[in-house]
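Below: one structure, written as structure tokens.
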Amino acid sequence: MASFFGEIVTGSYRYIDDEDPDYTSEPAEDWTAGEGIEKETGLLVVTEGDQAGSYTRLWGDLPVVGSLQSGTRQIPVGRCAGYSLVHCPAGVQTAESDSLARAVLSTASTGCTVVVLTSRHVSDLKCDLASYLSTPVHCLATKAWTESLPCTRLPQPNIVSGLPAAIMTMAQMSGQQALLLMAFTEVLAVDSLALAPFTVCHKIGAVTKAGVKKVANIGAELSKLKVISCDDSLYM
């Protein structure tokens with residue numbers, strides 16, 4: 001697997017007997033974009049995981065214009081006049097990362113700006129944590145990125161892997177403007193403190209141009225979101 005920095009990262013291996021009754025993993029299927037999705041030309045926002053996904057849901061619901069598909073699984077593609085939005089789950093299998101990244105980017109033109117939001121546990125950040133006064137948030141950008149960075153670059157020797165790395169690598173190879181924002185939180189639960197670092201995305205000109213307004217009170221809006229999404233059918 002190639003990381004966004006270009007190194008070849010080799011994972012650990014162990015023998016798997018596919019006839020073992022405890023082996024239940026299914027082979028990964030390729031992701032593709034459904035037919036009829038017109039390419040976004042302005043801004044494509046991609047989230048990975050619950051925290052990043054919850055923050056962008058505070059911006060409001062978007063009409064679904066299509067979906068990314070892999071077998072029976074689907075990921076909706078939302079779109080409004082200003083931007084498109086794709087919520088990707090965390091923990092995508094390594095074998096699926098490339099095909100999902102390719103499917104995500106196929107919904108946008110090469111001139112479209114791509115912003116990826118994700119989070120990791122703070123223990124994954126390799127640096128002196130005592131130097132941070134608030135929740136760490138760092139970014140990486142492709143060479144085609146022309147705006148100023150909304151926060152500091154991810155310091156070395158940190159390496160990005162998984163779906164964000166696949167998206168950024170493909171964007172880099174195609175000459176697309178893309179930026180990854182990665183927050184490092186103490187807990188991976190969805191709360192106002194964990195979502196606060198994502199507000200730096202509003203420093204990006206393409207986000208402002210798309211009409212995305214900064215959430216004034218994340219805690220209050222998050223409470224409304226949780227109430228709306230809460231399933232009251234307790235005794236199904």
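By convention in this document, the chains of the structure tokens carry letters A, B, ... by their order, each chain's residues are numbered from 1, and ligands are numbered from 1 in the order they are shown.
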Inset, instruction - Find the residues near Trp59 in chain A: any atom within 9 Å, counting only C-alpha atoms, skip ones fewer than 5 places away on the same chain, and give them as a PyMOL selection string. - result: chain A and resi 212-215
How would the residues just chosen look if you wrote them out with all heavy atoms as a short mmCIF file (atom, residue, chain, number, x, y, z; two decimals), in the first residue's frame?
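Output file again-v5.cif is given in full below:
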data_model
loop_
_atom_site.label_atom_id
_atom_site.label_comp_id
_atom_site.auth_asym_id
_atom_site.auth_seq_id
_atom_site.Cartn_x
_atom_site.Cartn_y
_atom_site.Cartn_z
N VAL A 212 -21.30 27.40 2.67
CA VAL A 212 -21.35 26.65 3.93
C VAL A 212 -21.03 27.60 5.08
O VAL A 212 -19.95 28.17 5.14
CB VAL A 212 -20.33 25.48 3.93
CG1 VAL A 212 -20.42 24.71 5.24
CG2 VAL A 212 -20.58 24.56 2.75
N LYS A 213 -21.98 27.75 5.98
CA LYS A 213 -21.81 28.67 7.09
C LYS A 213 -21.31 27.94 8.33
O LYS A 213 -21.69 26.81 8.60
CB LYS A 213 -23.13 29.38 7.41
CG LYS A 213 -23.62 30.28 6.27
CD LYS A 213 -24.90 31.00 6.65
CE LYS A 213 -25.39 31.90 5.53
NZ LYS A 213 -26.65 32.60 5.88
N LYS A 214 -20.43 28.60 9.07
CA LYS A 214 -19.89 28.03 10.30
C LYS A 214 -20.99 27.86 11.34
O LYS A 214 -21.83 28.74 11.53
CB LYS A 214 -18.79 28.94 10.85
CG LYS A 214 -18.06 28.37 12.05
CD LYS A 214 -16.91 29.29 12.46
CE LYS A 214 -16.16 28.74 13.66
NZ LYS A 214 -15.03 29.63 14.05
N VAL A 215 -21.00 26.71 12.00
CA VAL A 215 -22.00 26.43 13.02
C VAL A 215 -21.67 27.24 14.27
O VAL A 215 -20.59 27.10 14.84
CB VAL A 215 -22.04 24.92 13.36
CG1 VAL A 215 -23.10 24.63 14.41
CG2 VAL A 215 -22.30 24.11 12.10
#
Inset, instruction - Report the residues of range 51-163 of chain A whose backbone DSSP state falls under strand (DSSP E), written as a PyMOL selection string. - result: chain A and resi 64-70+73-79+84-88+113-121+137-141
Legend entry - Which of range 30-204 of chain A fall in alpha helix (DSSP H), as an MDAnalysis selection string: chainID A and resid 50:57 94:105 162:174 192:195
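Distance-wise, CA of Ser54 in chain A and CA of Ser192 in chain A end up 10.2 Å apart.
Across the model, the gap from CA of Ser67 in chain A to CA of Gly36 in chain A is 9.7 Å.
Counting only C-alpha atoms, the residue from A:Val137, A:Ala210, A:Cys112, A:Val104 that sits nearest to Thr47 in chain A is A:Val104.
Using only C-alpha atoms, the residues found no farther than 12 Å from Asp124 in chain A, other than those of its own chain fewer than 6 positions away, are Pro136, Leu154, Pro157, Asn158, Ile159, Val160, Ser161, Met182, Ala183, Phe184, Thr185 and Glu186 of chain A.
Atom to atom, CA of Thr152 in chain A and CA of Arg79 in chain A stand 29.2 Å apart.
Closest approach to Asn217 in chain A from the set A:Leu195, A:Ile75, A:Ala171, A:Leu125 is made by A:Leu195, with distances taken over only C-alpha atoms.
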Legend entry - Nearest-residue call for Ile204 in chain A, choices A:Thr146, A:Gln93, A:Ser70, A:Ser84, using only C-alpha atoms: A:Thr146
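Close contacts of Cys201 in chain A, defined as residues with an atom at most 8 Å away when counting only C-alpha atoms, with chain neighbours fewer than 6 positions off set aside, comprise Pro150, Leu181 and Val207 of chain A.
Comparing A:Ser99, A:Thr107, A:Thr56, A:Thr142 by their smallest distance to Gln172 in chain A, the closest is A:Thr142 (using only C-alpha atoms).
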Inset, instruction - Please identify all polymer residues within 8 Å of Cys80 in chain A, counting only C-alpha atoms, omitting same-chain residues fewer than 2 positions from it, and present them as JSON, numbers by chain. - result: {"A": [62, 63, 78, 82, 83, 84]}
Please produce a file of those selected residues containing N, CA, C and O atoms, as a PDB file, in the first residue's frame.
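Produced file part_16.pdb, reproduced below:
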ATOM      1  N   LEU A  62     -28.928  17.346   2.566  1.00  0.00           N
ATOM      2  CA  LEU A  62     -28.815  17.600   1.136  1.00  0.00           C
ATOM      3  C   LEU A  62     -29.637  16.583   0.354  1.00  0.00           C
ATOM      4  O   LEU A  62     -29.749  15.421   0.766  1.00  0.00           O
ATOM      5  N   PRO A  63     -30.210  16.976  -0.767  1.00  0.00           N
ATOM      6  CA  PRO A  63     -30.905  16.019  -1.625  1.00  0.00           C
ATOM      7  C   PRO A  63     -29.920  14.964  -2.134  1.00  0.00           C
ATOM      8  O   PRO A  63     -28.774  15.271  -2.463  1.00  0.00           O
ATOM      9  N   GLY A  78     -24.871  13.294  -1.649  1.00  0.00           N
ATOM     10  CA  GLY A  78     -25.750  14.445  -1.485  1.00  0.00           C
ATOM     11  C   GLY A  78     -25.230  15.639  -2.266  1.00  0.00           C
ATOM     12  O   GLY A  78     -24.025  15.778  -2.477  1.00  0.00           O
ATOM     13  N   GLY A  82     -24.271  24.502  -4.012  1.00  0.00           N
ATOM     14  CA  GLY A  82     -22.909  24.915  -3.724  1.00  0.00           C
ATOM     15  C   GLY A  82     -21.864  23.806  -3.673  1.00  0.00           C
ATOM     16  O   GLY A  82     -20.695  24.029  -3.989  1.00  0.00           O
ATOM     17  N   TYR A  83     -22.284  22.601  -3.279  1.00  0.00           N
ATOM     18  CA  TYR A  83     -21.286  21.538  -3.088  1.00  0.00           C
ATOM     19  C   TYR A  83     -21.943  20.171  -3.071  1.00  0.00           C
ATOM     20  O   TYR A  83     -23.172  20.034  -2.988  1.00  0.00           O
ATOM     21  N   SER A  84     -21.097  19.140  -3.139  1.00  0.00           N
ATOM     22  CA  SER A  84     -21.534  17.752  -2.997  1.00  0.00           C
ATOM     23  C   SER A  84     -20.917  17.181  -1.735  1.00  0.00           C
ATOM     24  O   SER A  84     -19.850  17.628  -1.283  1.00  0.00           O
TER      25      SER A  84
END
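Across A:Thr72, A:Thr169, A:Gln176, A:Ser97, the tightest approach to Leu43 in chain A is made by A:Gln176 when counting only C-alpha atoms.
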Inset, instruction - May I have the residues within 12 Å of Met173 in chain A as a VMD selection string, using only C-alpha atoms and disregarding those fewer than 4 positions away in the same chain? - result: chain A and resid 4 6 102 110 142 to 144 166 to 169 177 to 178
Legend entry - Gln74 in chain A surroundings by only C-alpha atoms, 10 Å radius, close-in-sequence under 4 positions cut, as a list in words: Trp31, Thr32, Ala33, Gly34, Gly66, Ser67, Leu68, Gln69, Ser70 and Cys88 of chain A
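For the set A:Ala81, A:Val122, A:Leu117, A:Ala101, the residue with the smallest atom-to-atom gap to Val187 in chain A is A:Val122, counting only C-alpha atoms.
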